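Okay, upload30.cif is below, mmCIF, C-alpha atoms and all ligand atoms:
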```
data_my_file
#
loop_
_atom_site.group_PDB
_atom_site.id
_atom_site.type_symbol
_atom_site.label_atom_id
_atom_site.label_comp_id
_atom_site.auth_asym_id
_atom_site.auth_seq_id
_atom_site.Cartn_x
_atom_site.Cartn_y
_atom_site.Cartn_z
ATOM 1 C CA MET A 924 87.313 -11.869 116.850
ATOM 2 C CA GLY A 925 85.113 -14.786 115.974
ATOM 3 C CA LEU A 926 86.588 -18.222 116.051
ATOM 4 C CA PHE A 927 85.468 -18.898 112.519
ATOM 5 C CA ARG A 928 86.477 -15.578 111.021
ATOM 6 C CA ARG A 929 87.774 -16.154 107.554
ATOM 7 C CA LYS A 930 91.400 -15.691 106.953
ATOM 8 C CA THR A 931 92.137 -12.620 104.888
ATOM 9 C CA THR A 932 95.631 -13.565 103.791
ATOM 10 C CA GLU A 933 94.656 -13.188 100.153
ATOM 11 C CA HIS A 934 94.486 -9.441 100.690
ATOM 12 C CA ILE A 935 97.932 -9.166 102.211
ATOM 13 C CA PRO A 936 100.538 -8.294 99.585
ATOM 14 C CA VAL A 937 103.320 -10.806 99.071
ATOM 15 C CA GLN A 938 106.422 -9.861 100.979
ATOM 16 C CA TRP A 939 109.062 -10.369 98.345
ATOM 17 C CA LYS A 940 112.649 -11.024 99.208
ATOM 18 C CA ILE A 941 115.801 -11.257 97.143
ATOM 19 C CA THR A 942 119.168 -12.588 98.107
ATOM 20 C CA LYS A 943 122.038 -10.106 98.223
ATOM 21 C CA LYS A 944 124.052 -12.419 95.984
ATOM 22 C CA CYS A 945 121.351 -12.422 93.309
ATOM 23 C CA LEU A 946 120.945 -8.661 93.465
ATOM 24 C CA GLU A 947 124.692 -8.145 93.144
ATOM 25 C CA LEU A 948 124.736 -10.387 90.076
ATOM 26 C CA ILE A 949 121.922 -8.305 88.586
ATOM 27 C CA PHE A 950 123.865 -5.089 89.228
ATOM 28 C CA GLU A 951 127.055 -6.525 87.729
ATOM 29 C CA SER A 952 125.214 -7.778 84.644
ATOM 30 C CA SER A 953 123.472 -4.429 84.224
ATOM 31 C CA LYS A 954 126.786 -2.596 84.420
ATOM 32 C CA SER A 955 128.644 -4.962 82.103
ATOM 33 C CA ASN A 956 125.895 -4.686 79.467
ATOM 34 C CA TYR A 957 125.890 -0.887 79.579
ATOM 35 C CA PRO A 958 125.087 0.999 77.354
ATOM 36 C CA GLN A 959 122.894 -1.887 76.231
ATOM 37 C CA GLU A 960 120.057 -3.319 78.236
ATOM 38 C CA PHE A 961 120.405 -6.416 80.318
ATOM 39 C CA GLY A 962 117.322 -8.624 80.621
ATOM 40 C CA ALA A 963 116.602 -11.866 82.428
ATOM 41 C CA LEU A 964 113.940 -13.764 84.323
ATOM 42 C CA LEU A 965 113.650 -13.986 88.087
ATOM 43 C CA ARG A 966 113.488 -17.374 89.745
ATOM 44 C CA VAL A 967 112.388 -18.002 93.297
ATOM 45 C CA ASP A 968 113.466 -20.628 95.761
ATOM 46 C CA ARG A 969 111.313 -23.757 95.478
ATOM 47 C CA VAL A 970 110.700 -23.840 99.207
ATOM 48 C CA ASN A 971 110.664 -20.138 100.064
ATOM 49 C CA LYS A 972 108.500 -19.113 97.136
ATOM 50 C CA ASN A 973 108.689 -15.393 97.862
ATOM 51 C CA THR A 974 112.466 -15.307 97.811
ATOM 52 C CA ILE A 975 114.187 -14.514 94.522
ATOM 53 C CA ILE A 976 117.423 -16.449 94.366
ATOM 54 C CA GLU A 977 118.413 -16.605 90.719
ATOM 55 C CA VAL A 978 118.297 -14.923 87.357
ATOM 56 C CA VAL A 979 117.635 -16.991 84.264
ATOM 57 C CA LEU A 980 118.976 -15.723 80.984
ATOM 58 C CA LEU A 981 116.688 -16.086 78.014
ATOM 59 C CA PRO A 982 118.232 -17.537 74.890
ATOM 60 C CA GLY A 983 118.274 -14.996 72.121
ATOM 61 C CA THR A 984 117.353 -12.088 74.328
ATOM 62 C CA ILE A 985 117.907 -8.983 72.335
ATOM 63 C CA SER A 986 119.821 -6.160 73.891
ATOM 64 C CA GLY A 987 118.856 -2.718 72.810
ATOM 65 C CA ASP A 988 117.183 0.430 73.898
ATOM 66 C CA SER A 989 113.728 -0.453 72.598
ATOM 67 C CA HIS A 990 112.717 -2.115 75.890
ATOM 68 C CA ALA A 991 111.149 -4.847 73.779
ATOM 69 C CA ILE A 992 113.716 -7.293 74.981
ATOM 70 C CA PHE A 993 111.495 -10.091 76.142
ATOM 71 C CA HIS A 994 109.885 -12.374 73.650
ATOM 72 C CA LEU A 995 106.844 -13.728 75.380
ATOM 73 C CA TYR A 996 106.755 -16.876 73.307
ATOM 74 C CA MET A 997 110.148 -17.844 74.696
ATOM 75 C CA LEU A 998 109.115 -17.607 78.309
ATOM 76 C CA PRO A 999 109.314 -20.966 80.018
ATOM 77 C CA VAL A 1000 106.402 -22.728 81.631
ATOM 78 C CA ASP A 1001 108.098 -22.818 84.990
ATOM 79 C CA TYR A 1002 106.313 -21.778 88.111
ATOM 80 C CA SER A 1003 109.532 -20.910 89.876
ATOM 81 C CA VAL A 1004 109.937 -18.061 87.370
ATOM 82 C CA VAL A 1005 108.032 -15.174 88.892
ATOM 83 C CA GLY A 1006 108.967 -12.161 86.828
ATOM 84 C CA THR A 1007 111.615 -10.228 84.990
ATOM 85 C CA VAL A 1008 114.577 -7.967 85.500
ATOM 86 C CA HIS A 1009 116.016 -5.534 83.011
ATOM 87 C CA SER A 1010 118.264 -2.535 83.049
ATOM 88 C CA HIS A 1011 117.708 1.007 81.846
ATOM 89 C CA PRO A 1012 120.885 2.602 80.561
ATOM 90 C CA SER A 1013 118.959 5.862 80.829
ATOM 91 C CA ALA A 1014 119.555 5.534 84.604
ATOM 92 C CA ILE A 1015 115.857 6.010 85.244
ATOM 93 C CA ALA A 1016 114.352 2.924 86.869
ATOM 94 C CA ARG A 1017 110.788 3.676 85.817
ATOM 95 C CA PRO A 1018 108.737 1.423 83.561
ATOM 96 C CA SER A 1019 108.147 2.487 79.971
ATOM 97 C CA GLU A 1020 104.848 1.862 78.208
ATOM 98 C CA ALA A 1021 106.336 -1.307 76.707
ATOM 99 C CA ASP A 1022 107.457 -2.405 80.154
ATOM 100 C CA LEU A 1023 103.975 -1.931 81.572
ATOM 101 C CA ASP A 1024 102.598 -3.961 78.709
ATOM 102 C CA LEU A 1025 105.029 -6.758 79.507
ATOM 103 C CA PHE A 1026 104.339 -6.603 83.243
ATOM 104 C CA GLY A 1027 100.627 -6.946 82.542
ATOM 105 C CA HIS A 1028 101.159 -10.068 80.463
ATOM 106 C CA PHE A 1029 103.742 -11.991 82.365
ATOM 107 C CA GLY A 1030 104.953 -12.415 85.895
ATOM 108 C CA ARG A 1031 104.163 -10.935 89.257
ATOM 109 C CA ILE A 1032 107.301 -9.014 90.097
ATOM 110 C CA HIS A 1033 109.620 -6.990 87.929
ATOM 111 C CA ILE A 1034 112.885 -5.298 88.726
ATOM 112 C CA ILE A 1035 114.206 -2.340 86.765
ATOM 113 C CA VAL A 1036 117.799 -1.314 87.287
ATOM 114 C CA GLY A 1037 118.887 2.177 86.336
ATOM 115 C CA VAL A 1038 122.523 2.339 85.275
ATOM 116 C CA THR A 1039 124.537 5.499 84.791
ATOM 117 C CA HIS A 1040 127.562 6.152 82.635
ATOM 118 C CA PHE A 1041 129.604 6.179 85.847
ATOM 119 C CA GLY A 1042 128.480 2.701 86.855
ATOM 120 C CA ASP A 1043 126.085 3.809 89.564
ATOM 121 C CA VAL A 1044 123.017 1.643 89.898
ATOM 122 C CA SER A 1045 119.609 2.182 91.376
ATOM 123 C CA TRP A 1046 116.731 -0.279 91.380
ATOM 124 C CA ARG A 1047 113.001 -0.326 91.759
ATOM 125 C CA THR A 1048 110.537 -3.166 91.792
ATOM 126 C CA TYR A 1049 107.044 -3.250 90.337
ATOM 127 C CA ASP A 1050 104.044 -5.530 90.337
ATOM 128 C CA TYR A 1051 102.003 -6.538 87.285
ATOM 129 C CA LYS A 1052 100.196 -3.194 87.322
ATOM 130 C CA GLY A 1053 103.375 -1.164 87.455
ATOM 131 C CA SER A 1054 102.867 -0.202 91.094
ATOM 132 C CA GLU A 1055 106.025 -0.065 93.097
ATOM 133 C CA VAL A 1056 106.551 -2.861 95.613
ATOM 134 C CA LEU A 1057 109.104 -3.230 98.348
ATOM 135 C CA VAL A 1058 111.569 -6.067 98.319
ATOM 136 C CA GLU A 1059 113.642 -7.072 101.280
ATOM 137 C CA VAL A 1060 117.293 -7.876 100.594
ATOM 138 C CA ILE A 1061 118.416 -10.876 102.601
HETATM 139 ZN ZN ZN B 1 112.297 -0.859 80.449
#
```

As structure tokens, how would this structure be written, given the file I've shared?
Ligand SMILES: [Zn+2]
Amino acid sequence: MGLFRRKTTEHIPVQWKITKKCLELIFESSKSNYPQEFGALLRVDRVNKNTIIEVVLLPGTISGDSHAIFHLYMLPVDYSVVGTVHSHPSAIARPSEADLDLFGHFGRIHIIVGVTHFGDVSWRTYDYKGSEVLVEVI
């Protein structure tokens, strides 16, 4: 334990958090858009930069089952926007090939919400590589 040992914080994964209120809004939007997809951007708190507090709707976002719902050229240059959220009316909250392509091009955290015909929701969160990450609900 040397006094001058370098900090290794860059190797520690970000501990993401999301507010319960934001998550509930995401679930409601996913359900109300069913059987179409819901898509939006995730915005973090400006002070607590690992805490997702808000969804930002993209103008002209296309709903559909193609998963190609985000137009990269419309994404804002806004460092409080950290990633995306979209729903899968297939109920399966796993990224498609198109999703992985998107994740690799934009953002650091991505939520997929699986919605069933009965209004049940499940959610999973992924990093830019499509690896699952844990998010604490606060
Ligand atoms: Zn998808």

Surroundings of ligand ZN 1 (chain B) up to 10 Å, based on only C-alpha atoms and all ligand atoms, as JSON, numbers by chain: {"A": [960, 961, 962, 988, 989, 990, 991, 992, 1008, 1009, 1010, 1011, 1012, 1013, 1015, 1016, 1017, 1018, 1019, 1020, 1021, 1022, 1023, 1025, 1034, 1035, 1036, 1037]}

I need the output of the PyMOL selection byres (((chain A and resi 938) around 9) and not hetatm) for this file as a PyMOL selection string; which residues are they? chain A and resi 935-937+939-940+973-974+1056-1059

Picked residues, the PyMOL selection byres (((chain A and resi 1004) around 12) and not hetatm), as number ranges by chain: A: 963-969, 972-981, 998-1003, 1005-1008, 1029-1033

Work out how far apart CA of Glu1055 in chain A and CA of Phe950 in chain A are and give it in Å to one decimal.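 Taking CA of Glu1055 in chain A and CA of Phe950 in chain A, their separation equals 18.9 Å.
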
A straight line from CA of Thr1039 in chain A to CA of Lys944 in chain A spans 21.1 Å

For Asp1043 in chain A, the nearest of the candidates A:Ile941, A:Asp1024, A:Val970, A:Ala1014, counting only C-alpha atoms: A:Ala1014

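When only C-alpha atoms are used to compute distances to Lys1052 in chain A, the closest of the residues A:Cys945, A:Tyr957, A:Phe1026, A:Glu951 turns out to be A:Phe1026.
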